[in-house]
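Reproduced below: my_file_34.cif, with mmCIF, C-alpha atoms; chains and numbers go by the auth columns.
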data_my_file
loop_
_atom_site.group_PDB
_atom_site.id
_atom_site.type_symbol
_atom_site.label_atom_id
_atom_site.label_comp_id
_atom_site.label_asym_id
_atom_site.label_seq_id
_atom_site.Cartn_x
_atom_site.Cartn_y
_atom_site.Cartn_z
_atom_site.B_iso_or_equiv
_atom_site.auth_seq_id
_atom_site.auth_asym_id
ATOM 1 C CA MET A 1 -67.725 44.680 -3.016 0.00 33 A
ATOM 2 C CA SER A 2 -67.458 42.127 -0.218 0.00 34 A
ATOM 3 C CA ALA A 3 -66.675 38.423 -0.683 0.00 35 A
ATOM 4 C CA ALA A 4 -70.285 37.664 0.243 0.00 36 A
ATOM 5 C CA GLU A 5 -71.373 39.647 -2.815 0.00 37 A
ATOM 6 C CA THR A 6 -68.646 38.685 -5.293 0.00 38 A
ATOM 7 C CA GLY A 7 -68.094 35.080 -4.223 0.00 39 A
ATOM 8 C CA ILE A 8 -65.042 33.090 -3.192 0.00 40 A
ATOM 9 C CA VAL A 9 -64.869 31.494 -6.673 0.00 41 A
ATOM 10 C CA ARG A 10 -66.260 32.801 -9.962 0.00 42 A
ATOM 11 C CA PHE A 11 -66.226 31.164 -13.401 0.00 43 A
ATOM 12 C CA ASP A 12 -67.340 33.168 -16.445 0.00 44 A
ATOM 13 C CA ASN A 13 -67.914 31.393 -19.786 0.00 45 A
ATOM 14 C CA VAL A 14 -65.143 28.897 -19.093 0.00 46 A
ATOM 15 C CA GLY A 15 -64.297 26.232 -21.646 0.00 47 A
ATOM 16 C CA LEU A 16 -61.838 23.359 -21.413 0.00 48 A
ATOM 17 C CA ARG A 17 -60.446 21.116 -24.105 0.00 49 A
ATOM 18 C CA TYR A 18 -57.581 18.648 -24.040 0.00 50 A
ATOM 19 C CA GLY A 19 -55.358 19.026 -27.070 0.00 51 A
ATOM 20 C CA THR A 20 -57.349 19.338 -30.279 0.00 52 A
ATOM 21 C CA GLU A 21 -60.354 17.369 -28.995 0.00 53 A
ATOM 22 C CA LYS A 22 -63.782 18.973 -28.631 0.00 54 A
ATOM 23 C CA GLU A 23 -64.440 20.851 -25.414 0.00 55 A
ATOM 24 C CA VAL A 24 -65.109 18.682 -22.380 0.00 56 A
ATOM 25 C CA LEU A 25 -66.525 21.741 -20.573 0.00 57 A
ATOM 26 C CA SER A 26 -68.393 24.509 -22.401 0.00 58 A
ATOM 27 C CA ASN A 27 -69.598 27.947 -21.282 0.00 59 A
ATOM 28 C CA ILE A 28 -69.322 27.176 -17.562 0.00 60 A
ATOM 29 C CA SER A 29 -70.469 30.122 -15.438 0.00 61 A
ATOM 30 C CA PHE A 30 -71.117 30.025 -11.697 0.00 62 A
ATOM 31 C CA THR A 31 -70.202 31.648 -8.410 0.00 63 A
ATOM 32 C CA LEU A 32 -69.473 29.910 -5.118 0.00 64 A
ATOM 33 C CA PHE A 33 -70.329 32.082 -2.130 0.00 65 A
ATOM 34 C CA PRO A 34 -68.505 31.980 1.204 0.00 66 A
ATOM 35 C CA GLY A 35 -69.848 29.574 3.788 0.00 67 A
ATOM 36 C CA ARG A 36 -72.223 27.659 1.527 0.00 68 A
ATOM 37 C CA PHE A 37 -72.483 23.909 0.920 0.00 69 A
ATOM 38 C CA TYR A 38 -72.610 22.784 -2.730 0.00 70 A
ATOM 39 C CA PHE A 39 -73.050 19.470 -4.502 0.00 71 A
ATOM 40 C CA LEU A 40 -71.804 18.879 -8.043 0.00 72 A
ATOM 41 C CA THR A 41 -73.672 16.009 -9.687 0.00 73 A
ATOM 42 C CA GLY A 42 -73.741 14.369 -13.084 0.00 74 A
ATOM 43 C CA ALA A 43 -73.359 11.023 -14.771 0.00 75 A
ATOM 44 C CA SER A 44 -69.980 9.396 -15.221 0.00 76 A
ATOM 45 C CA GLY A 45 -68.152 11.239 -17.997 0.00 77 A
ATOM 46 C CA ALA A 46 -70.161 14.448 -17.540 0.00 78 A
ATOM 47 C CA GLY A 47 -67.018 16.443 -16.728 0.00 79 A
ATOM 48 C CA LYS A 48 -67.091 16.605 -12.910 0.00 80 A
ATOM 49 C CA THR A 49 -63.436 15.700 -12.412 0.00 81 A
ATOM 50 C CA SER A 50 -62.342 18.145 -15.138 0.00 82 A
ATOM 51 C CA LEU A 51 -64.263 20.949 -13.428 0.00 83 A
ATOM 52 C CA LEU A 52 -62.715 20.066 -10.085 0.00 84 A
ATOM 53 C CA ARG A 53 -59.233 20.174 -11.634 0.00 85 A
ATOM 54 C CA LEU A 54 -59.945 23.754 -12.681 0.00 86 A
ATOM 55 C CA LEU A 55 -61.159 24.544 -9.179 0.00 87 A
ATOM 56 C CA TYR A 56 -58.076 23.284 -7.377 0.00 88 A
ATOM 57 C CA LEU A 57 -55.778 24.871 -9.969 0.00 89 A
ATOM 58 C CA ALA A 58 -54.364 21.666 -11.442 0.00 90 A
ATOM 59 C CA GLN A 59 -55.560 22.756 -14.890 0.00 91 A
ATOM 60 C CA ARG A 60 -55.971 26.087 -16.644 0.00 92 A
ATOM 61 C CA PRO A 61 -59.051 26.593 -18.805 0.00 93 A
ATOM 62 C CA SER A 62 -58.848 26.893 -22.583 0.00 94 A
ATOM 63 C CA ARG A 63 -60.946 30.052 -22.478 0.00 95 A
ATOM 64 C CA GLY A 64 -63.019 32.188 -20.132 0.00 96 A
ATOM 65 C CA ALA A 65 -62.262 33.856 -16.813 0.00 97 A
ATOM 66 C CA VAL A 66 -61.688 32.354 -13.369 0.00 98 A
ATOM 67 C CA GLN A 67 -61.442 34.401 -10.184 0.00 99 A
ATOM 68 C CA MET A 68 -60.582 32.918 -6.801 0.00 100 A
ATOM 69 C CA PHE A 69 -60.169 34.732 -3.487 0.00 101 A
ATOM 70 C CA GLY A 70 -60.557 37.985 -5.414 0.00 102 A
ATOM 71 C CA SER A 71 -57.728 37.339 -7.900 0.00 103 A
ATOM 72 C CA ASP A 72 -57.630 36.385 -11.565 0.00 104 A
ATOM 73 C CA VAL A 73 -56.059 32.930 -11.459 0.00 105 A
ATOM 74 C CA ILE A 74 -55.727 32.679 -15.250 0.00 106 A
ATOM 75 C CA THR A 75 -52.928 35.245 -15.254 0.00 107 A
ATOM 76 C CA LEU A 76 -51.568 34.342 -11.821 0.00 108 A
ATOM 77 C CA PRO A 77 -47.833 33.500 -11.945 0.00 109 A
ATOM 78 C CA ARG A 78 -47.165 29.816 -11.337 0.00 110 A
ATOM 79 C CA ALA A 79 -45.002 30.741 -8.361 0.00 111 A
ATOM 80 C CA SER A 80 -48.107 32.123 -6.633 0.00 112 A
ATOM 81 C CA LEU A 81 -50.212 28.971 -7.071 0.00 113 A
ATOM 82 C CA PRO A 82 -48.938 27.080 -3.990 0.00 114 A
ATOM 83 C CA ALA A 83 -50.098 29.872 -1.686 0.00 115 A
ATOM 84 C CA PHE A 84 -53.567 29.700 -3.240 0.00 116 A
ATOM 85 C CA ARG A 85 -53.677 25.922 -2.943 0.00 117 A
ATOM 86 C CA ARG A 86 -52.860 26.123 0.762 0.00 118 A
ATOM 87 C CA ARG A 87 -56.167 27.926 1.226 0.00 119 A
ATOM 88 C CA MET A 88 -57.991 24.866 -0.121 0.00 120 A
ATOM 89 C CA GLY A 89 -58.579 21.341 1.080 0.00 121 A
ATOM 90 C CA VAL A 90 -58.885 18.713 -1.649 0.00 122 A
ATOM 91 C CA VAL A 91 -60.185 15.151 -1.323 0.00 123 A
ATOM 92 C CA PHE A 92 -59.056 13.186 -4.370 0.00 124 A
ATOM 93 C CA GLN A 93 -60.952 10.225 -5.784 0.00 125 A
ATOM 94 C CA ASP A 94 -57.654 8.335 -6.086 0.00 126 A
ATOM 95 C CA PHE A 95 -56.538 9.337 -2.546 0.00 127 A
ATOM 96 C CA ARG A 96 -53.027 10.635 -3.480 0.00 128 A
ATOM 97 C CA LEU A 97 -51.522 9.789 -0.116 0.00 129 A
ATOM 98 C CA VAL A 98 -47.744 9.967 0.318 0.00 130 A
ATOM 99 C CA GLU A 99 -46.821 6.288 0.252 0.00 131 A
ATOM 100 C CA HIS A 100 -43.766 6.423 2.521 0.00 132 A
ATOM 101 C CA LEU A 101 -45.599 8.377 5.247 0.00 133 A
ATOM 102 C CA SER A 102 -47.797 6.940 7.977 0.00 134 A
ATOM 103 C CA ALA A 103 -51.471 7.851 8.261 0.00 135 A
ATOM 104 C CA PHE A 104 -50.497 10.270 11.058 0.00 136 A
ATOM 105 C CA ASP A 105 -47.842 11.975 8.933 0.00 137 A
ATOM 106 C CA ASN A 106 -50.124 12.187 5.890 0.00 138 A
ATOM 107 C CA VAL A 107 -52.754 13.972 7.964 0.00 139 A
ATOM 108 C CA ALA A 108 -50.136 16.195 9.597 0.00 140 A
ATOM 109 C CA LEU A 109 -48.670 17.281 6.256 0.00 141 A
ATOM 110 C CA PRO A 110 -50.801 20.445 5.726 0.00 142 A
ATOM 111 C CA LEU A 111 -50.027 21.607 9.269 0.00 143 A
ATOM 112 C CA ARG A 112 -46.306 21.097 8.744 0.00 144 A
ATOM 113 C CA VAL A 113 -46.422 22.977 5.443 0.00 145 A
ATOM 114 C CA ALA A 114 -48.209 25.807 7.280 0.00 146 A
ATOM 115 C CA GLY A 115 -45.402 25.921 9.854 0.00 147 A
ATOM 116 C CA VAL A 116 -47.250 24.511 12.866 0.00 148 A
ATOM 117 C CA PRO A 117 -44.667 23.498 15.533 0.00 149 A
ATOM 118 C CA GLU A 118 -44.156 19.751 15.963 0.00 150 A
ATOM 119 C CA ALA A 119 -45.178 19.985 19.618 0.00 151 A
ATOM 120 C CA GLU A 120 -48.619 21.207 18.541 0.00 152 A
ATOM 121 C CA LEU A 121 -49.318 18.529 15.924 0.00 153 A
ATOM 122 C CA ALA A 122 -50.184 15.436 17.938 0.00 154 A
ATOM 123 C CA GLU A 123 -53.466 16.552 19.477 0.00 155 A
ATOM 124 C CA PRO A 124 -55.256 17.829 16.334 0.00 156 A
ATOM 125 C CA VAL A 125 -53.952 14.988 14.149 0.00 157 A
ATOM 126 C CA ASN A 126 -54.920 12.277 16.616 0.00 158 A
ATOM 127 C CA ASP A 127 -58.321 13.896 17.169 0.00 159 A
ATOM 128 C CA MET A 128 -58.942 13.928 13.420 0.00 160 A
ATOM 129 C CA LEU A 129 -57.853 10.311 13.001 0.00 161 A
ATOM 130 C CA GLU A 130 -60.182 9.314 15.825 0.00 162 A
ATOM 131 C CA TRP A 131 -63.046 11.238 14.191 0.00 163 A
ATOM 132 C CA VAL A 132 -62.675 9.273 10.960 0.00 164 A
ATOM 133 C CA GLY A 133 -62.328 5.983 12.836 0.00 165 A
ATOM 134 C CA LEU A 134 -58.602 5.447 12.312 0.00 166 A
ATOM 135 C CA ALA A 135 -57.109 6.164 15.726 0.00 167 A
ATOM 136 C CA GLN A 136 -55.677 2.645 15.843 0.00 168 A
ATOM 137 C CA ARG A 137 -54.147 2.963 12.363 0.00 169 A
ATOM 138 C CA ALA A 138 -52.089 6.120 12.923 0.00 170 A
ATOM 139 C CA ALA A 139 -48.782 4.337 12.313 0.00 171 A
ATOM 140 C CA ALA A 140 -49.962 2.421 9.231 0.00 172 A
ATOM 141 C CA ARG A 141 -48.679 3.331 5.779 0.00 173 A
ATOM 142 C CA PRO A 142 -51.093 3.605 2.831 0.00 174 A
ATOM 143 C CA ALA A 143 -50.122 0.245 1.315 0.00 175 A
ATOM 144 C CA SER A 144 -51.455 -1.537 4.408 0.00 176 A
ATOM 145 C CA LEU A 145 -54.748 0.393 4.470 0.00 177 A
ATOM 146 C CA SER A 146 -57.936 -0.592 2.667 0.00 178 A
ATOM 147 C CA GLY A 147 -59.392 1.694 0.018 0.00 179 A
ATOM 148 C CA GLY A 148 -61.946 3.021 2.496 0.00 180 A
ATOM 149 C CA GLU A 149 -59.262 3.674 5.113 0.00 181 A
ATOM 150 C CA GLN A 150 -57.107 5.503 2.585 0.00 182 A
ATOM 151 C CA GLN A 151 -60.104 7.632 1.629 0.00 183 A
ATOM 152 C CA ARG A 152 -60.650 8.569 5.273 0.00 184 A
ATOM 153 C CA VAL A 153 -56.986 9.511 5.688 0.00 185 A
ATOM 154 C CA GLY A 154 -57.305 11.706 2.597 0.00 186 A
ATOM 155 C CA ILE A 155 -60.391 13.408 4.026 0.00 187 A
ATOM 156 C CA ALA A 156 -58.718 13.974 7.398 0.00 188 A
ATOM 157 C CA ARG A 157 -55.714 15.519 5.615 0.00 189 A
ATOM 158 C CA ALA A 158 -57.964 17.797 3.549 0.00 190 A
ATOM 159 C CA VAL A 159 -59.938 19.224 6.463 0.00 191 A
ATOM 160 C CA ILE A 160 -57.416 19.392 9.309 0.00 192 A
ATOM 161 C CA ASN A 161 -56.203 22.872 8.398 0.00 193 A
ATOM 162 C CA ARG A 162 -59.771 24.246 8.256 0.00 194 A
ATOM 163 C CA PRO A 163 -59.459 25.423 4.631 0.00 195 A
ATOM 164 C CA GLU A 164 -61.408 28.337 3.179 0.00 196 A
ATOM 165 C CA ILE A 165 -62.836 26.000 0.556 0.00 197 A
ATOM 166 C CA LEU A 166 -63.070 22.205 0.597 0.00 198 A
ATOM 167 C CA ILE A 167 -63.289 20.396 -2.763 0.00 199 A
ATOM 168 C CA ALA A 168 -64.160 16.701 -2.522 0.00 200 A
ATOM 169 C CA ASP A 169 -64.288 14.312 -5.496 0.00 201 A
ATOM 170 C CA GLU A 170 -66.584 11.346 -4.673 0.00 202 A
ATOM 171 C CA PRO A 171 -65.460 11.397 -1.011 0.00 203 A
ATOM 172 C CA THR A 172 -67.824 8.609 0.073 0.00 204 A
ATOM 173 C CA GLY A 173 -67.224 6.254 -2.842 0.00 205 A
ATOM 174 C CA ASN A 174 -65.067 3.818 -0.858 0.00 206 A
ATOM 175 C CA VAL A 175 -66.812 3.784 2.528 0.00 207 A
ATOM 176 C CA ASP A 176 -69.929 2.106 3.895 0.00 208 A
ATOM 177 C CA PRO A 177 -73.212 4.074 4.285 0.00 209 A
ATOM 178 C CA ASP A 178 -72.694 4.725 8.012 0.00 210 A
ATOM 179 C CA MET A 179 -69.225 6.169 7.456 0.00 211 A
ATOM 180 C CA ALA A 180 -70.517 8.145 4.448 0.00 212 A
ATOM 181 C CA THR A 181 -73.073 9.816 6.718 0.00 213 A
ATOM 182 C CA LYS A 182 -70.418 10.512 9.345 0.00 214 A
ATOM 183 C CA LEU A 183 -68.119 12.105 6.769 0.00 215 A
ATOM 184 C CA ILE A 184 -70.887 14.302 5.401 0.00 216 A
ATOM 185 C CA ARG A 185 -71.606 15.431 8.983 0.00 217 A
ATOM 186 C CA LEU A 186 -67.905 16.309 9.298 0.00 218 A
ATOM 187 C CA PHE A 187 -68.154 18.405 6.132 0.00 219 A
ATOM 188 C CA GLU A 188 -71.262 20.097 7.527 0.00 220 A
ATOM 189 C CA ALA A 189 -69.463 20.902 10.782 0.00 221 A
ATOM 190 C CA LEU A 190 -66.587 22.418 8.827 0.00 222 A
ATOM 191 C CA ASN A 191 -69.110 24.356 6.740 0.00 223 A
ATOM 192 C CA ARG A 192 -70.706 25.788 9.896 0.00 224 A
ATOM 193 C CA LEU A 193 -67.275 27.097 10.874 0.00 225 A
ATOM 194 C CA GLY A 194 -67.201 29.076 7.624 0.00 226 A
ATOM 195 C CA THR A 195 -65.592 26.776 5.046 0.00 227 A
ATOM 196 C CA THR A 196 -67.210 26.730 1.616 0.00 228 A
ATOM 197 C CA VAL A 197 -67.776 23.070 0.702 0.00 229 A
ATOM 198 C CA LEU A 198 -68.194 21.544 -2.753 0.00 230 A
ATOM 199 C CA VAL A 199 -68.779 17.785 -2.981 0.00 231 A
ATOM 200 C CA ALA A 200 -68.828 16.047 -6.366 0.00 232 A
ATOM 201 C CA THR A 201 -70.924 12.906 -6.211 0.00 233 A
ATOM 202 C CA HIS A 202 -73.204 10.654 -8.221 0.00 234 A
ATOM 203 C CA ASP A 203 -74.864 9.423 -4.982 0.00 235 A
ATOM 204 C CA MET A 204 -78.250 11.126 -4.891 0.00 236 A
ATOM 205 C CA GLN A 205 -78.790 9.917 -1.311 0.00 237 A
ATOM 206 C CA LEU A 206 -76.092 12.315 -0.125 0.00 238 A
ATOM 207 C CA LEU A 207 -77.993 15.340 -1.434 0.00 239 A
ATOM 208 C CA ARG A 208 -80.882 14.532 0.888 0.00 240 A
ATOM 209 C CA LYS A 209 -78.566 14.498 3.901 0.00 241 A
ATOM 210 C CA VAL A 210 -77.795 18.232 3.523 0.00 242 A
ATOM 211 C CA PRO A 211 -81.193 19.912 2.977 0.00 243 A
ATOM 212 C CA ASP A 212 -79.761 23.448 2.712 0.00 244 A
ATOM 213 C CA SER A 213 -77.185 22.522 0.069 0.00 245 A
ATOM 214 C CA LEU A 214 -77.074 24.098 -3.376 0.00 246 A
ATOM 215 C CA ILE A 215 -76.856 21.807 -6.384 0.00 247 A
ATOM 216 C CA MET A 216 -74.996 22.135 -9.665 0.00 248 A
ATOM 217 C CA ARG A 217 -75.504 19.475 -12.332 0.00 249 A
ATOM 218 C CA LEU A 218 -73.177 18.722 -15.226 0.00 250 A
ATOM 219 C CA ASP A 219 -74.505 17.087 -18.380 0.00 251 A
ATOM 220 C CA ARG A 220 -72.097 16.476 -21.262 0.00 252 A
ATOM 221 C CA GLY A 221 -69.883 19.347 -20.227 0.00 253 A
ATOM 222 C CA THR A 222 -72.564 21.974 -19.645 0.00 254 A
ATOM 223 C CA LEU A 223 -73.819 23.175 -16.298 0.00 255 A
ATOM 224 C CA SER A 224 -77.323 23.572 -14.935 0.00 256 A
ATOM 225 C CA ASP A 225 -78.345 25.098 -11.630 0.00 257 A
ATOM 226 C CA PRO A 226 -81.378 23.303 -10.143 0.00 258 A
ATOM 227 C CA THR A 227 -81.361 25.344 -6.936 0.00 259 A
ATOM 228 C CA GLY A 228 -81.084 28.688 -8.708 0.00 260 A
ATOM 229 C CA ALA A 229 -78.690 30.291 -6.242 0.00 261 A
ATOM 230 C CA LEU A 230 -75.229 30.098 -7.794 0.00 262 A
ATOM 231 C CA ARG A 231 -74.809 33.440 -9.483 0.00 263 A
ATOM 232 C CA TYR A 232 -76.070 35.686 -6.698 0.00 264 A
ATOM 233 C CA PRO A 233 -75.886 35.454 -2.904 0.00 265 A
ATOM 234 C CA PRO A 234 -78.765 33.356 -1.506 0.00 266 A
ATOM 235 C CA ARG A 235 -81.385 35.479 0.176 0.00 267 A
ATOM 236 C CA THR A 236 -81.368 35.592 3.950 0.00 268 A
ATOM 237 C CA GLU A 237 -84.436 34.766 6.004 0.00 269 A
ATOM 238 C CA SER A 238 -85.164 38.481 6.282 0.00 270 A
ATOM 239 C CA GLY A 239 -84.945 38.805 2.490 0.00 271 A
ATOM 240 C CA ALA A 240 -81.869 41.008 2.662 0.00 272 A
#
Before we go any further, please render this structure as C-alpha cells.
Amino acid sequence: MSAAETGIVRFDNVGLRYGTEKEVLSNISFTLFPGRFYFLTGASGAGKTSLLRLLYLAQRPSRGAVQMFGSDVITLPRASLPAFRRRMGVVFQDFRLVEHLSAFDNVALPLRVAGVPEAELAEPVNDMLEWVGLAQRAAARPASLSGGEQQRVGIARAVINRPEILIADEPTGNVDPDMATKLIRLFEALNRLGTTVLVATHDMQLLRKVPDSLIMRLDRGTLSDPTGALRYPPRTESGA
C-alpha cells in the first residue's frame, strides 16, 4: 500500500499515563495523510501537548501502536530515533532555542545537522529570517529577543529544512494577529510543497484561515474527529 493509503503517521488505540496516574490520553486512533493540513484543538489540559510529545518521539505511549513513515516506532531502537526526528520540523511552545547561538545559527542548525555546506547556508537562512520579519536580528542571541521574536526563530528553524511533517505547538501564541496570519500562510506554503502540517492551537480564528484543513479535537484525553477524514484518505474532487 502507498503512503497516501496508509498515512505518514498512524495511531491505533494509544494510551498514555505518567507513572501510576490515570491515563492522560485514552484510546487515541487516527491517521495523518501525506500533504494534508491538520489542526489539533482542545481546552487547556485536554492533552494536546502530551499527544504532540508522542508525535515527535519525545515520549513512548503506555499502550497501543504507533507507526511513522511506515515503521513501528514503539519497537524502534533508540539509536534510530534521531534519523526519524530529522524528517520532522517541530515548533515548541517554549521555543527551545540554543541560548549561546545567534538567531542565524539557531535557524541554520537543521541544515548543518543535515550536512549542508557552510557556503550554502547564508542564502536560505537569511531568506527565512527575512520572511519571519527578523532579518535585522540575525546576530541576536535568544536572551535579547522578545517572546514573539523567539517564537519566530523557532518557526524558521522548524521549517527551513522542508520537513516531511511539521508539528507546531501553539505557534502563534506569542505573536500579534498580523504575524499569526503570516505564519499560517508560511505553513500553508510549506504544505503546498508536500509537507504534512499539524498545528495545535486553542485559537479558533486560525481554523477559519485554512478552509481545507482537517480538525481533530481533544477533550479530557479522548479524541474526536469533526471533519471525518482522519482514518481514510480524503476523497478527491473526482471521488477517487
Expected answer as a tab-separated table (two decimals) with C-alpha atoms, keeping the file's coordinate frame: all residues with atoms within 10 Å of (-50.0, 28.7, 8.1), only C-alpha atoms:
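Result went into part.tsv, see below:
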chain	number	residue	atom	x	y	z
A	115	ALA	CA	-50.10	29.87	-1.69
A	118	ARG	CA	-52.86	26.12	0.76
A	119	ARG	CA	-56.17	27.93	1.23
A	142	PRO	CA	-50.80	20.44	5.73
A	143	LEU	CA	-50.03	21.61	9.27
A	144	ARG	CA	-46.31	21.10	8.74
A	145	VAL	CA	-46.42	22.98	5.44
A	146	ALA	CA	-48.21	25.81	7.28
A	147	GLY	CA	-45.40	25.92	9.85
A	148	VAL	CA	-47.25	24.51	12.87
A	193	ASN	CA	-56.20	22.87	8.40
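You will find CA of Arg189 (chain A) at 11.0 Å from CA of Pro156 (chain A).
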* **Proximity to Ala171 (chain A) - best of A:His132, A:Asp159, A:Thr233, A:Pro203, all atoms listed in the file** =>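 The shortest atom-to-atom distance to Ala171 (chain A) comes from A:His132.
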* Do you have the CA of Asp44 (chain A)-CA of Ser58 (chain A) distance handy? ->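 It comes out at 10.6 Å.
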* Between CA of Leu246 (chain A) and CA of Gly260 (chain A), measure the distance and give it in Å to one decimal. =>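 Between CA of Leu246 (chain A) and CA of Gly260 (chain A) the gap works out to 8.1 Å.
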* To do: Considering all atoms listed in the file, state which residue in the set A:Tyr70, A:Asn223, A:Thr259, A:Leu129 is at the smallest distance from Glu181 (chain A).
  => A:Leu129
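For the choices A:Arg110, A:Arg49, A:Arg217, A:Arg169, the atom-to-atom distance to Arg95 (chain A) is smallest for A:Arg49 when using only C-alpha atoms.
Of the listed residues A:Gly205, A:Gly74, A:Gly47, A:Pro66, the one whose atoms come nearest to Asp251 (chain A) is A:Gly74, with distances taken using all atoms listed in the file.
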* Asked: What do you get, as a PyMOL selection string, if you spell out every residue that the PyMOL selection byres ((chain A and resi 124) around 10) selects here?
  -> chain A and resi 81+84+121-123+125-129+183+186-187+190+199-203
* In terms of the shortest atom-to-atom distance over only C-alpha atoms, which of A:Thr228, A:Ser112, A:Asn45, A:Gln237 is closest to Leu89 (chain A)? ->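 Of the candidates, the smallest distance to Leu89 (chain A) is held by A:Ser112.
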* Given the file shown, enumerate the residues that the PyMOL selection byres ((chain A and resi 197) around 6) captures and present them as a list in words. =>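 With the shown file as input, the PyMOL selection byres ((chain A and resi 197) around 6) matches Met120, Pro195, Glu196, Leu198, Thr227, Thr228 and Val229 of chain A.
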* Asked: In terms of the shortest atom-to-atom distance over all atoms listed in the file, which of A:Gln168, A:Ser256, A:Asn138, A:Thr52 is closest to Leu153 (chain A)?
  ->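 The closest residue to Leu153 (chain A) is A:Asn138.
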* Apply the PyMOL selection byres ((chain A and resi 41) around 7) to the structure shown and report the selected residues as number ranges by chain. => A: 39-40, 42-43, 63-64, 99-101
